[in-house]
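Asks: Below you'll find structure-v9.txt; it's compact mmCIF, C-alpha atoms.
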# COMPACT_ATOMS: atom_id res chain seq x y z
CA MET A 23 3.21 16.83 -8.01
CA ASP A 24 0.31 18.99 -7.00
CA PHE A 25 -1.92 17.47 -4.31
CA ASP A 26 -5.18 18.33 -6.08
CA ASP A 27 -3.82 16.87 -9.33
CA LEU A 28 -3.03 13.62 -7.52
CA LEU A 29 -6.54 13.47 -6.10
CA VAL A 30 -8.13 14.04 -9.49
CA ARG A 31 -5.81 11.51 -11.13
CA PHE A 32 -6.48 8.69 -8.67
CA PHE A 33 -9.93 9.52 -7.31
CA GLY A 34 -11.58 11.55 -10.07
CA THR A 35 -12.13 14.57 -7.81
CA ALA A 36 -10.15 17.05 -5.76
CA ASP A 37 -12.83 16.84 -3.05
CA ILE A 38 -12.01 13.52 -1.46
CA ASP A 39 -14.69 14.02 1.22
CA THR A 40 -17.39 13.39 -1.43
CA LEU A 41 -16.20 9.89 -2.30
CA ASP A 42 -18.06 6.77 -1.31
CA PRO A 43 -15.98 4.17 0.56
CA GLU A 44 -15.66 1.85 -2.45
CA ARG A 45 -14.26 4.59 -4.69
CA LEU A 46 -11.90 5.66 -1.93
CA LEU A 47 -10.55 2.10 -1.64
CA LYS A 48 -10.14 1.78 -5.41
CA GLY A 49 -8.28 5.09 -5.59
CA ALA A 50 -6.02 4.13 -2.69
CA GLU A 51 -5.16 0.86 -4.46
CA LEU A 52 -4.27 2.80 -7.62
CA VAL A 53 -1.97 5.07 -5.61
CA ARG A 54 -0.28 2.06 -4.02
CA LEU A 55 0.18 0.44 -7.42
CA GLN A 56 1.66 3.60 -8.93
CA PHE A 57 3.98 3.97 -5.93
CA GLY A 58 5.35 0.50 -6.60
CA LEU A 59 5.94 1.30 -10.26
CA GLU A 60 7.27 4.84 -9.89
CA ARG A 61 11.03 5.27 -10.29
CA ASP A 62 11.36 9.06 -9.92
CA PRO A 63 12.27 9.69 -6.25
CA ASP A 64 10.33 12.95 -5.97
CA ARG A 65 7.19 11.45 -7.47
CA ARG A 66 7.52 8.37 -5.24
CA PHE A 67 7.76 10.61 -2.20
CA ALA A 68 4.66 12.57 -3.24
CA LEU A 69 2.74 9.34 -3.71
CA TRP A 70 3.92 8.07 -0.32
CA CYS A 71 2.73 11.31 1.31
CA LEU A 72 -0.71 10.85 -0.24
CA MET A 73 -0.80 7.25 0.95
CA TYR A 74 0.18 8.39 4.43
CA LEU A 75 -2.67 10.89 4.52
CA LEU A 76 -5.03 8.11 3.41
CA GLY A 77 -3.71 5.78 6.10
CA VAL A 78 -2.34 3.18 3.66
CA ALA A 79 1.37 4.06 3.47
CA PRO A 80 4.03 1.49 4.23
CA GLU A 81 6.50 2.37 6.97
CA PRO A 82 9.34 4.62 5.75
CA GLU A 83 11.87 1.85 6.40
CA THR A 84 9.97 -0.39 4.00
CA ALA A 85 9.06 2.26 1.43
CA PHE A 86 12.44 3.92 0.88
CA ASP A 87 15.93 2.55 0.38
CA ASP A 88 17.63 5.89 0.94
CA GLU A 89 18.03 7.08 4.54
CA ALA A 90 17.46 10.71 3.53
CA ASP A 91 14.08 9.72 2.03
CA ARG A 92 13.18 7.79 5.17
CA GLU A 93 14.07 10.80 7.31
CA ALA A 94 12.01 13.10 5.07
CA ALA A 95 9.08 10.71 5.42
CA ARG A 96 9.39 10.70 9.21
CA ASP A 97 9.52 14.52 9.15
CA PHE A 98 6.38 14.57 7.01
CA MET A 99 4.65 12.24 9.45
CA ASP A 100 5.54 14.54 12.35
CA GLU A 101 4.36 17.64 10.50
CA ALA A 102 1.11 15.97 9.43
CA GLU A 103 0.42 14.83 12.99
CA GLN A 104 1.04 18.34 14.31
CA GLY A 105 -1.26 19.79 11.65
CA MET A 106 -4.01 17.32 12.50
CA SER A 107 -3.76 18.01 16.22
CA GLU A 108 -4.07 21.76 15.62
CA ASP A 109 -7.40 21.35 13.76
Mind turning this structure into C-alpha cells?
Replies:
Amino acid sequence: MDFDDLLVRFFGTADIDTLDPERLLKGAELVRLQFGLERDPDRRFALWCLMYLLGVAPEPETAFDDEADREAARDFMDEAEQGMSED
C-alpha cells in the first residue's frame, strides 16, 4: 500500500496537514475500522503503521497475533521515533 494512496483513501487528501481536526478524527476512525476488517497481513501492517503515525494504533501485542508481525511493528516504532527526533 502506498502511503499517499492511504491518505487519499481515508482522508480525501495526501496533504494531511490541511485537514481540520474533525476530518482527521473521522479518517482515523475509518482506518481503525478497516484495520479490524482487513485479513491480508501486509495490508493490516500498512494500516497499523498509518495508525501509529496518527497516534491511534493499538499496541503491537494487541494488534498482531504473530510474533514476527509484533517485532516488525516494534521495529517500525523505533525507526519512526528516530526519524522524528532527527527532524
Asks: Extract, using all atoms listed in the file, all DNA, RNA and protein residues at most 7 Å from Phe32 (chain A), discarding same-chain residues fewer than 5 positions from it, and format them as a list in words.
Replies: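 Neighbouring residues, sequence-local ones excluded: Gly49, Leu52 and Val53 of chain A.
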Asks: With all atoms listed in the file as the counted atoms, please give the residues lying no more than 10 Å from Asp91 (chain A), apart from itself and same-chain residues fewer than 3 positions off, as a PyMOL selection string.
Replies: chain A and resi 63-64+66-67+82-83+85-88+94-97
Asks: Between CA of Ala50 (chain A) and CA of Gly105 (chain A), what is the distance in Å, rounded to a tenth?
Replies: 21.8 Å
Asks: So, with only C-alpha atoms as the atoms that count, which of A:Met73, A:Leu41, A:Ala102, A:Val30 lies closest to Gly58 (chain A)?
Replies: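 The closest residue to Gly58 (chain A) is A:Met73.
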Asks: Taking all atoms of region 38-54 of chain A that the file lists, what box with edges along x, y and z, padded by 5 Å per side, do you get, with centre and edge lengths in Å to one decimal, as JSON?
Replies:
{"center_x": -9.2, "center_y": 7.4, "center_z": -3.2, "size_x": 27.8, "size_y": 23.2, "size_z": 18.8}
Asks: Report as a list in words all protein, DNA and RNA residues lying within 12 Å of Ile38 (chain A), evaluated on all atoms listed in the file, omitting residues in the same chain fewer than 6 positions from it.
Replies: Phe25, Asp26, Asp27, Leu28, Leu29, Val30, Arg31, Phe32, Arg45, Leu46, Leu47, Gly49, Ala50, Leu72, Leu75 and Leu76 of chain A
Asks: Find, counting only C-alpha atoms, the residue in A:Glu81, A:Glu103, A:Cys71, A:Glu93 that gets nearest to Asp24 (chain A).
Replies: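 Closest to Asp24 (chain A) of all the choices is A:Cys71.
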Asks: In Å, rounded to a single decimal, give me how far CA of Ser107 (chain A) is from CA of Gly77 (chain A).
Replies: 15.9 Å
Asks: Suppose you want the space between CA of Phe57 (chain A) and CA of Phe98 (chain A); what is it in Å?
Replies: 16.9 Å
Asks: Restricting the calculation to all atoms listed in the file: of A:Glu44, A:Asp37, A:Glu108, A:Glu51, which residue gets closest to Val78 (chain A)?
Replies: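 Answer, going by the shortest atom-to-atom distance: A:Glu51.
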Asks: How would region 26-60 of chain A read, as a short mmCIF file (atom, residue, chain, number, x, y, z; two decimals), keeping the file's coordinate frame, once N, CA and C atoms are built in?
Replies:
data_model
loop_
_atom_site.label_atom_id
_atom_site.label_comp_id
_atom_site.auth_asym_id
_atom_site.auth_seq_id
_atom_site.Cartn_x
_atom_site.Cartn_y
_atom_site.Cartn_z
N ASP A 26 -3.88 18.42 -5.42
CA ASP A 26 -5.18 18.33 -6.08
C ASP A 26 -5.10 17.52 -7.37
N ASP A 27 -4.00 17.66 -8.11
CA ASP A 27 -3.82 16.87 -9.33
C ASP A 27 -3.76 15.38 -9.01
N LEU A 28 -3.09 15.03 -7.93
CA LEU A 28 -3.03 13.62 -7.52
C LEU A 28 -4.42 13.10 -7.18
N LEU A 29 -5.18 13.90 -6.45
CA LEU A 29 -6.54 13.47 -6.10
C LEU A 29 -7.40 13.25 -7.33
N VAL A 30 -7.34 14.18 -8.26
CA VAL A 30 -8.13 14.04 -9.49
C VAL A 30 -7.66 12.82 -10.28
N ARG A 31 -6.36 12.64 -10.36
CA ARG A 31 -5.81 11.51 -11.13
C ARG A 31 -6.26 10.16 -10.58
N PHE A 32 -6.21 10.00 -9.27
CA PHE A 32 -6.48 8.69 -8.67
C PHE A 32 -7.91 8.52 -8.16
N PHE A 33 -8.60 9.63 -7.89
CA PHE A 33 -9.93 9.52 -7.31
C PHE A 33 -11.01 10.18 -8.16
N GLY A 34 -10.61 10.92 -9.19
CA GLY A 34 -11.58 11.55 -10.07
C GLY A 34 -12.15 12.85 -9.54
N THR A 35 -11.65 13.32 -8.40
CA THR A 35 -12.13 14.57 -7.81
C THR A 35 -11.07 15.12 -6.87
N ALA A 36 -11.06 16.43 -6.73
CA ALA A 36 -10.15 17.05 -5.76
C ALA A 36 -10.80 17.11 -4.39
N ASP A 37 -12.10 16.82 -4.32
CA ASP A 37 -12.83 16.84 -3.05
C ASP A 37 -13.02 15.41 -2.56
N ILE A 38 -12.02 14.92 -1.89
CA ILE A 38 -12.01 13.52 -1.46
C ILE A 38 -13.13 13.21 -0.45
N ASP A 39 -13.62 14.23 0.24
CA ASP A 39 -14.69 14.02 1.22
C ASP A 39 -16.01 13.59 0.57
N THR A 40 -16.14 13.75 -0.74
CA THR A 40 -17.39 13.39 -1.43
C THR A 40 -17.40 11.95 -1.91
N LEU A 41 -16.30 11.24 -1.76
CA LEU A 41 -16.20 9.89 -2.30
C LEU A 41 -16.88 8.86 -1.42
N ASP A 42 -17.51 7.89 -2.07
CA ASP A 42 -18.06 6.77 -1.31
C ASP A 42 -16.90 5.84 -0.95
N PRO A 43 -17.08 5.02 0.08
CA PRO A 43 -15.98 4.17 0.56
C PRO A 43 -15.37 3.26 -0.51
N GLU A 44 -16.19 2.74 -1.41
CA GLU A 44 -15.66 1.85 -2.45
C GLU A 44 -14.73 2.60 -3.39
N ARG A 45 -15.11 3.80 -3.80
CA ARG A 45 -14.26 4.59 -4.69
C ARG A 45 -12.98 5.01 -3.99
N LEU A 46 -13.08 5.30 -2.70
CA LEU A 46 -11.90 5.66 -1.93
C LEU A 46 -10.91 4.49 -1.88
N LEU A 47 -11.42 3.29 -1.66
CA LEU A 47 -10.55 2.10 -1.64
C LEU A 47 -9.91 1.84 -3.00
N LYS A 48 -10.68 1.98 -4.07
CA LYS A 48 -10.14 1.78 -5.41
C LYS A 48 -9.04 2.79 -5.71
N GLY A 49 -9.29 4.05 -5.36
CA GLY A 49 -8.28 5.09 -5.59
C GLY A 49 -7.02 4.83 -4.79
N ALA A 50 -7.18 4.42 -3.54
CA ALA A 50 -6.02 4.13 -2.69
C ALA A 50 -5.21 2.98 -3.27
N GLU A 51 -5.88 1.98 -3.84
CA GLU A 51 -5.16 0.86 -4.46
C GLU A 51 -4.39 1.34 -5.68
N LEU A 52 -4.97 2.25 -6.45
CA LEU A 52 -4.27 2.80 -7.62
C LEU A 52 -3.03 3.58 -7.20
N VAL A 53 -3.13 4.33 -6.11
CA VAL A 53 -1.97 5.07 -5.61
C VAL A 53 -0.88 4.10 -5.19
N ARG A 54 -1.26 3.05 -4.47
CA ARG A 54 -0.28 2.06 -4.02
C ARG A 54 0.40 1.38 -5.21
N LEU A 55 -0.37 1.06 -6.23
CA LEU A 55 0.18 0.44 -7.42
C LEU A 55 1.17 1.38 -8.11
N GLN A 56 0.77 2.64 -8.28
CA GLN A 56 1.66 3.60 -8.93
C GLN A 56 2.93 3.82 -8.11
N PHE A 57 2.80 3.83 -6.79
CA PHE A 57 3.98 3.97 -5.93
C PHE A 57 4.98 2.85 -6.20
N GLY A 58 4.48 1.63 -6.34
CA GLY A 58 5.35 0.50 -6.60
C GLY A 58 6.03 0.56 -7.95
N LEU A 59 5.39 1.21 -8.91
CA LEU A 59 5.94 1.30 -10.26
C LEU A 59 6.82 2.53 -10.48
N GLU A 60 6.59 3.55 -9.69
CA GLU A 60 7.27 4.84 -9.89
C GLU A 60 8.77 4.73 -9.60
#
